[in-house]
Amino acid sequence: EIPLRLVGSEMCIRDRFVRASFASVSSPAWTQSNVNSDSTTEIEQEITKEQRHNLSSFRALDWRPYFSNLKNGAILVDTTSRALHFWSEDKSVYNLYPSSVPMSDELTRRGRTRVVKKVEGPSWRPTPSMLERNPDWPEFMPPGPENPLGTHALYLSWQYYRIHGTHDTRKIGRRSSNGCIGLYNEHINELFGLTTVGTCLLYTSPSPRDVEES
């Protein structure tokens, strides 16, 4: 058995979710969706109404129904409970993080991928199509408190997908992204240190019966 570490403690996480759900949601929330280069991303629509937080679905899972082994570590993104599970290769670490997930099934990709690049302090560029629709937006945003990718990003073998931080903590625990998975900055910082290029990922709903090995 690998001891579960519910990062931040379940009580703390739920408290943050409840407090965040009452916060004002009139200002823009940003996230990545489409990528034309390493730093080019689409941006999420403004949050114009309250999105319900998930408060009750955090539960420990065994890695074996989802992965054949833990070589390079493994990440399970549970899009139903809006949580990210991480198991280390030596089975000494099992962490469970609250996350944001895509806003709809149409934006949700499921299946297996892997970490192909790790970036601390990612920069951001809108795509040409975004600049056409929003000519007043900046063409480049350096790392910093306004950057939509937060402090760290894990680039996946799926071209348009990242696991990244966010400076807008209202999104965590919500269906609020255009495809990426968002974590609190302190959590992506920790996960960044635990993962490596080659870490396997599985995006799925809770039942492993719906997922085929690739």
# chains A, B, ... in the order shown; residues from 1 in each chain; ligands from 1

$ select_by_dssp --residues "stretch 52-194 of chain A" --states "helix (DSSP H, G or I)" --output "ChimeraX atom specification"
/A:105-107,128-133,169-171,185-194

$ residues_around --residues "stretch 75-80 of chain A" --least-positions-apart "4" --cutoff "8 Å" --atoms "only C-alpha atoms" --output "short mmCIF file (atom, residue, chain, number, x, y, z; two decimals) with N, CA and C atoms, in the first residue's frame"
data_model
loop_
_atom_site.label_atom_id
_atom_site.label_comp_id
_atom_site.auth_asym_id
_atom_site.auth_seq_id
_atom_site.Cartn_x
_atom_site.Cartn_y
_atom_site.Cartn_z
N TYR A 66 -5.25 1.13 -13.67
CA TYR A 66 -5.07 2.15 -14.68
C TYR A 66 -3.73 2.07 -15.41
N LEU A 84 -6.29 15.22 -9.57
CA LEU A 84 -5.12 14.64 -10.22
C LEU A 84 -4.39 13.77 -9.21
N HIS A 85 -4.16 12.52 -9.59
CA HIS A 85 -3.46 11.55 -8.75
C HIS A 85 -2.04 11.37 -9.28
N PHE A 86 -1.07 11.32 -8.38
CA PHE A 86 0.32 11.05 -8.78
C PHE A 86 0.88 9.94 -7.93
N TRP A 87 1.52 8.95 -8.61
CA TRP A 87 2.25 7.88 -7.93
C TRP A 87 3.70 7.92 -8.40
N VAL A 101 -10.78 21.28 -14.67
CA VAL A 101 -10.92 20.36 -15.79
C VAL A 101 -11.64 21.09 -16.92
N PRO A 102 -11.66 20.52 -18.13
CA PRO A 102 -12.33 21.19 -19.25
C PRO A 102 -13.81 21.46 -18.99
N THR A 199 7.08 10.69 -17.70
CA THR A 199 6.00 10.33 -16.79
C THR A 199 4.73 10.07 -17.58
N CYS A 200 4.08 8.95 -17.33
CA CYS A 200 2.87 8.56 -18.06
C CYS A 200 1.64 9.25 -17.48
N LEU A 201 0.69 9.57 -18.34
CA LEU A 201 -0.56 10.18 -17.91
C LEU A 201 -1.73 9.44 -18.51
N LEU A 202 -2.82 9.44 -17.76
CA LEU A 202 -4.08 8.90 -18.24
C LEU A 202 -5.18 9.88 -17.87
N TYR A 203 -5.90 10.37 -18.88
CA TYR A 203 -7.08 11.20 -18.67
C TYR A 203 -8.28 10.27 -18.76
N THR A 204 -9.10 10.23 -17.73
CA THR A 204 -10.20 9.29 -17.73
C THR A 204 -11.28 9.71 -16.75
N SER A 205 -12.42 9.03 -16.84
CA SER A 205 -13.43 9.04 -15.79
C SER A 205 -13.03 7.95 -14.80
N PRO A 206 -13.69 7.86 -13.64
CA PRO A 206 -13.19 6.95 -12.60
C PRO A 206 -13.09 5.49 -12.99
#

$ closest_atom_pairs --of "stretch 110-205 of chain A" --to "stretch 92-98 of chain A" --cutoff "7 Å" --atoms "only C-alpha atoms" --output "CSV"
residue,atom,partner,partner_atom,distance
A:Ile172,CA,A:Pro98,CA,6.6
A:Gly173,CA,A:Pro98,CA,6.0
A:Leu183,CA,A:Pro98,CA,6.8

$ write_last_selection --atoms "all heavy atoms" --output "compact mmCIF listing (two decimals), in the first residue's frame"
# COMPACT_ATOMS: atom_id res chain seq x y z
N ILE A 172 -9.92 26.30 -9.68
CA ILE A 172 -9.63 24.97 -9.16
C ILE A 172 -10.89 24.35 -8.56
O ILE A 172 -11.61 24.96 -7.80
CB ILE A 172 -8.50 25.03 -8.10
CG1 ILE A 172 -7.26 25.70 -8.69
CG2 ILE A 172 -8.18 23.62 -7.61
CD1 ILE A 172 -6.72 25.04 -9.93
N GLY A 173 -11.13 23.08 -8.95
CA GLY A 173 -12.34 22.40 -8.52
C GLY A 173 -13.53 22.64 -9.42
O GLY A 173 -14.62 22.17 -9.14
N LEU A 183 -3.72 23.49 -11.77
CA LEU A 183 -3.48 23.24 -10.35
C LEU A 183 -3.14 24.55 -9.66
O LEU A 183 -2.73 25.52 -10.30
CB LEU A 183 -2.32 22.26 -10.16
CG LEU A 183 -2.40 20.87 -10.78
CD1 LEU A 183 -1.11 20.10 -10.51
CD2 LEU A 183 -3.60 20.09 -10.26

$ closest_residue --among "A:Val119, A:Val197, A:Ile188, A:Cys180" --to "A:Gly73" --atoms "only C-alpha atoms"
A:Val197

$ closest_residue --among "A:Leu131, A:Glu139, A:Glu190, A:Ser177" --to "A:Ala153" --atoms "only C-alpha atoms"
A:Glu190

$ closest_atom_pairs --of "stretch 80-160 of chain A" --to "stretch 166-170 of chain A" --cutoff "7 Å" --atoms "only C-alpha atoms" --output "tab-separated table"
residue	atom	partner	partner_atom	distance
A:Pro145	CA	A:His167	CA	6.5
A:Pro148	CA	A:Thr166	CA	6.1
A:Leu149	CA	A:Thr166	CA	5.7
A:Gly150	CA	A:Thr166	CA	4.2

$ write_last_selection --atoms "N, CA, C and O atoms" --output "compact mmCIF listing (two decimals), in the first residue's frame"
# COMPACT_ATOMS: atom_id res chain seq x y z
N PRO A 145 2.90 37.33 -12.55
CA PRO A 145 1.60 37.14 -11.90
C PRO A 145 0.41 37.23 -12.84
O PRO A 145 -0.68 36.80 -12.48
N PRO A 148 -1.14 33.36 -17.77
CA PRO A 148 -2.22 32.39 -17.58
C PRO A 148 -1.75 30.97 -17.29
O PRO A 148 -2.57 30.15 -16.87
N LEU A 149 -0.47 30.68 -17.51
CA LEU A 149 0.03 29.32 -17.25
C LEU A 149 0.61 29.17 -15.86
O LEU A 149 1.14 28.11 -15.52
N GLY A 150 0.53 30.21 -15.04
CA GLY A 150 1.03 30.09 -13.68
C GLY A 150 2.54 30.00 -13.64
O GLY A 150 3.25 30.52 -14.50

$ closest_residue --among "A:Met103, A:Thr108, A:Val115, A:Gly144" --to "A:Leu194" --atoms "only C-alpha atoms"
A:Val115

$ atom_distance --atom1 "atom CA of A:Asn189" --atom2 "atom CA of A:Ser99"
13.6 Å

$ atom_distance --atom1 "atom CA of A:His152" --atom2 "atom CA of A:Asp136"
26.0 Å

$ atom_distance --atom1 "atom CA of A:Glu106" --atom2 "atom CA of A:Leu191"
26.9 Å
